[in-house]
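Asks: I have a structure here, written as structure tokens, and I will follow up with some questions on it.
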Amino acid sequence: MATAMCFVGAAPCRPPAVRAGWTAQRAAVGRCGGVAAISRCSAGVAWTRGVRCGRRLDSMRACAMKKMTEAAADSADSLLCPRCRSSLEAAGDRRLECKTCTLSVPLTDNTYFDLSREEERERDKGRIIFPITAMVPPPATTIFMSPLVSYAYERGWRQQFEEAGFPGPAREFEMLLDFVSKSKLSVRTSVDLSCGSGFMARLMVARSEVFGRVFGVDASASMLRESASRTEKAQPSKPVWVKANAQAIPFADKSVDLVHAGAALHCWAQLPDVLDEIYRILSPGGVFFATTFAEPNVPARGSFSAASRQLGSFVWKNTFRSFGETEMRWLLRGARFQERDIRVERINNCLIVYATKRKS
């Protein structure tokens, strides 16, 4: 059978069977840049299949977006409007809506719901973040707004924490699982606070029978985009990504069963306020698990040169901070956690924080 490609305006000789096949395919798939297939065994069949695959992929993405919105809507009694702090409801496949103040929250970039406060959004619009911010010591939360840092986070940045004495993501996840198991808590909603590139949220959502609905919350839009891109490649079930500041977590009182904050406490400028927010959103019996840098902090050695360690030490001292065990206990008690419900352990240069909100 003759196989060929036909440009508009050309009139090659076509056998009746080929003409019939070409007509049927052209009616089905239309034009494509003036090029059409004229045989069932030609590239037209592959192109048709490609169109169908593309449509199927678009359909799968739309379904994923719908599921994300539905998951957020399932937490309608949990997620709060950033303007009036009333509950949000689903309004279509990619939108949340506040019935009290009529604020509509779209799924930004098909990735996350922006539930940050209006003054925070205006501030972020006016802030220009250059890649060079990854090289100098800006405020601790601002450095993670950089697309360069977001890109590098799982490409070497976070791995350096193991050089500095952290247990590492896999071991930290095991410790989190063990804590939840021993608490005998039935988790319905989990929040990965300051989720970064979302590696822990991805592990949590893969164990939904343990962690229930999983929300990844971060103040950095570039981090959330990195999170979403990695999750799409990794698994069909996804966390719900939320842009918000840790000092104003957009969840209702007592609506969250577990809060995880990995390598984050040392980044929060107003840590007492964040701990107050964590206690507020935790349900009675809910748990808080966190890792952060311990004081005194010894500069990482491993494979780093002396110059690299000196630079890292300079950036660290001017950007982040570290904590003593007694200080961390004092901060948690200030957020109303009871002393008997607090456990703080040190592993090398890392503090592991376990806290439970007592049932009243």
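Following the order of the structure tokens, first chain is A, next is B, and so on, with residues numbered from 1 inside each chain and ligands from 1 in the order they appear.
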I want to know what sits within 7 Å of range 258-272 of chain A, based on only C-alpha atoms, with residues of the same chain fewer than 5 positions away left out; could you give that as a list in words?

Replies: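 The contact residues come out as Ala140, Thr141, Val187, Thr189, Ser190, Val191, Asp192, Leu193, Ser194, Leu282, Gly286, Val287, Phe288, Phe289, Ala290, Thr291, Thr292, Phe293, Phe320, Arg321, Ser322, Leu331 and Ala335 of chain A.
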
Asks: What does the distance between CA of Leu115 in chain A and CA of Val242 in chain A come to in Å, to one decimal place?

Replies: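 Interatomic distance here is 6.6 Å.
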
Asks: According to DSSP computed on the backbone, where in range 151-298 of chain A is there alpha helix (DSSP H)? Give the residues as a ChimeraX atom specification.

Replies: /A:151-152,160-163,169-183,199-205,208-211,221-234,271-281

Asks: List as a VMD selection string the protein and nucleic acid residues near Phe166 in chain A, meaning an atom at most 8 Å away when only C-alpha atoms are counted, but skip any in the same chain fewer than 5 places from it.

Replies: chain A and resid 161 347 to 350

Asks: For the atom pair CA of Arg202 in chain A and CA of Arg346 in chain A, what is the interatomic distance in Å to one decimal place?

Replies: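 Taking CA of Arg202 in chain A as the start and CA of Arg346 in chain A as the end point, the length is 25.7 Å.
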
Asks: Interatomic distance between CA of Asn110 in chain A and CA of Leu88 in chain A?

Replies: 18.2 Å

Asks: Where does DSSP see strand (DSSP E or B) in range 158-360 of chain A, if you list the residues as a VMD selection string?

Replies: chain A and resid 189 to 193 213 to 218 240 to 243 251 256 to 262 282 to 294 323 342 to 347 350 to 356

Asks: Take the residues from that selection and put them in a file with N, CA and C atoms, as a compact mmCIF listing (two decimals), in the first residue's frame.

Replies:
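So the final result, stored in again-v3.txt, reads:
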# COMPACT_ATOMS: atom_id res chain seq x y z
N THR A 189 -5.58 13.98 59.27
CA THR A 189 -4.99 15.10 58.52
C THR A 189 -3.58 15.35 59.03
N SER A 190 -2.63 15.41 58.09
CA SER A 190 -1.24 15.69 58.42
C SER A 190 -0.78 16.93 57.67
N VAL A 191 0.07 17.72 58.31
CA VAL A 191 0.63 18.91 57.68
C VAL A 191 2.15 18.83 57.74
N ASP A 192 2.78 18.93 56.57
CA ASP A 192 4.23 19.05 56.49
C ASP A 192 4.52 20.54 56.38
N LEU A 193 4.90 21.14 57.50
CA LEU A 193 5.06 22.59 57.59
C LEU A 193 6.46 23.00 57.14
N ARG A 213 -5.00 12.48 55.00
CA ARG A 213 -4.79 13.55 54.02
C ARG A 213 -3.52 14.31 54.37
N VAL A 214 -2.70 14.57 53.37
CA VAL A 214 -1.41 15.22 53.60
C VAL A 214 -1.40 16.57 52.90
N PHE A 215 -1.03 17.60 53.66
CA PHE A 215 -0.89 18.95 53.13
C PHE A 215 0.56 19.38 53.26
N GLY A 216 1.12 19.88 52.16
CA GLY A 216 2.45 20.46 52.19
C GLY A 216 2.32 21.97 52.20
N VAL A 217 2.81 22.61 53.25
CA VAL A 217 2.66 24.06 53.42
C VAL A 217 4.03 24.72 53.39
N ASP A 218 4.16 25.75 52.56
CA ASP A 218 5.42 26.48 52.48
C ASP A 218 5.13 27.91 52.04
N VAL A 240 -1.78 17.97 49.00
CA VAL A 240 -2.36 19.26 48.62
C VAL A 240 -1.34 20.32 49.02
N TRP A 241 -0.87 21.09 48.04
CA TRP A 241 0.15 22.10 48.29
C TRP A 241 -0.51 23.43 48.62
N VAL A 242 -0.05 24.06 49.69
CA VAL A 242 -0.64 25.31 50.18
C VAL A 242 0.48 26.32 50.43
N LYS A 243 0.32 27.51 49.89
CA LYS A 243 1.28 28.59 50.14
C LYS A 243 0.78 29.41 51.33
N PHE A 251 -5.26 26.76 58.96
CA PHE A 251 -6.09 25.64 59.37
C PHE A 251 -6.86 26.04 60.63
N VAL A 256 -5.97 19.43 62.89
CA VAL A 256 -4.84 18.68 62.34
C VAL A 256 -4.34 17.70 63.39
N ASP A 257 -4.05 16.48 62.96
CA ASP A 257 -3.61 15.44 63.91
C ASP A 257 -2.10 15.33 64.01
N LEU A 258 -1.40 15.73 62.95
CA LEU A 258 0.05 15.61 62.96
C LEU A 258 0.67 16.79 62.22
N VAL A 259 1.69 17.39 62.83
CA VAL A 259 2.47 18.44 62.18
C VAL A 259 3.93 17.99 62.15
N HIS A 260 4.50 18.00 60.95
CA HIS A 260 5.91 17.68 60.79
C HIS A 260 6.64 18.93 60.32
N ALA A 261 7.81 19.18 60.88
CA ALA A 261 8.64 20.31 60.45
C ALA A 261 10.09 19.85 60.42
N GLY A 262 10.55 19.45 59.26
CA GLY A 262 11.90 18.94 59.11
C GLY A 262 12.89 20.03 58.75
N LEU A 282 -3.39 21.77 66.28
CA LEU A 282 -3.36 20.36 66.65
C LEU A 282 -4.63 19.95 67.39
N SER A 283 -5.14 18.78 67.04
CA SER A 283 -6.28 18.22 67.77
C SER A 283 -5.79 17.68 69.11
N PRO A 284 -6.69 17.52 70.08
CA PRO A 284 -6.28 16.90 71.35
C PRO A 284 -5.69 15.51 71.09
N GLY A 285 -4.50 15.28 71.59
CA GLY A 285 -3.80 14.03 71.32
C GLY A 285 -2.94 14.10 70.08
N GLY A 286 -3.01 15.23 69.35
CA GLY A 286 -2.20 15.40 68.14
C GLY A 286 -0.72 15.51 68.45
N VAL A 287 0.12 15.24 67.46
CA VAL A 287 1.56 15.17 67.71
C VAL A 287 2.32 16.13 66.80
N PHE A 288 3.46 16.60 67.30
CA PHE A 288 4.36 17.49 66.57
C PHE A 288 5.74 16.85 66.57
N PHE A 289 6.30 16.66 65.36
CA PHE A 289 7.63 16.07 65.21
C PHE A 289 8.48 17.04 64.40
N ALA A 290 9.69 17.33 64.87
CA ALA A 290 10.54 18.30 64.18
C ALA A 290 12.01 17.94 64.34
N THR A 291 12.80 18.41 63.38
CA THR A 291 14.26 18.31 63.48
C THR A 291 14.84 19.69 63.25
N THR A 292 15.92 20.00 63.96
CA THR A 292 16.57 21.29 63.80
C THR A 292 18.02 21.18 64.27
N PHE A 293 18.76 22.25 64.16
CA PHE A 293 20.18 22.22 64.54
C PHE A 293 20.36 22.40 66.04
N ALA A 294 21.28 21.64 66.59
CA ALA A 294 21.56 21.69 68.02
C ALA A 294 22.70 22.68 68.29
N PHE A 323 19.77 25.47 68.64
CA PHE A 323 19.07 25.45 69.93
C PHE A 323 19.70 24.44 70.88
N ILE A 342 6.70 16.34 76.36
CA ILE A 342 7.79 16.82 75.50
C ILE A 342 8.99 15.88 75.62
N ARG A 343 9.56 15.54 74.48
CA ARG A 343 10.81 14.78 74.47
C ARG A 343 11.74 15.41 73.45
N VAL A 344 12.95 15.74 73.89
CA VAL A 344 13.94 16.35 73.00
C VAL A 344 15.20 15.50 73.07
N GLU A 345 15.64 15.01 71.91
CA GLU A 345 16.83 14.17 71.83
C GLU A 345 17.86 14.83 70.92
N ARG A 346 19.11 14.53 71.21
CA ARG A 346 20.18 15.05 70.37
C ARG A 346 20.90 13.90 69.68
N ILE A 347 21.04 14.01 68.35
CA ILE A 347 21.84 13.08 67.56
C ILE A 347 22.88 13.90 66.81
N CYS A 350 22.03 17.45 65.56
CA CYS A 350 20.60 17.56 65.29
C CYS A 350 19.78 17.36 66.55
N LEU A 351 18.80 18.24 66.75
CA LEU A 351 17.81 18.05 67.81
C LEU A 351 16.57 17.41 67.20
N ILE A 352 16.07 16.36 67.84
CA ILE A 352 14.82 15.71 67.44
C ILE A 352 13.77 16.08 68.48
N VAL A 353 12.68 16.66 68.01
CA VAL A 353 11.63 17.17 68.90
C VAL A 353 10.38 16.31 68.76
N TYR A 354 9.89 15.81 69.90
CA TYR A 354 8.63 15.07 69.97
C TYR A 354 7.74 15.81 70.97
N ALA A 355 6.54 16.19 70.57
CA ALA A 355 5.62 16.85 71.49
C ALA A 355 4.20 16.40 71.18
N THR A 356 3.43 16.22 72.23
CA THR A 356 2.03 15.78 72.09
C THR A 356 1.12 16.79 72.78

Asks: For Leu332 in chain A, which residue out of A:Gly92, A:Asp114, A:Lys359, A:Asp276 is the nearest one, using only C-alpha atoms?

Replies: A:Asp276

Asks: I'd like to know which of A:Arg85, A:Arg188, A:Lys238, A:Arg329 is closest to Asp253 in chain A, using only C-alpha atoms.

Replies: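 Closest to Asp253 in chain A of all the choices is A:Arg85.
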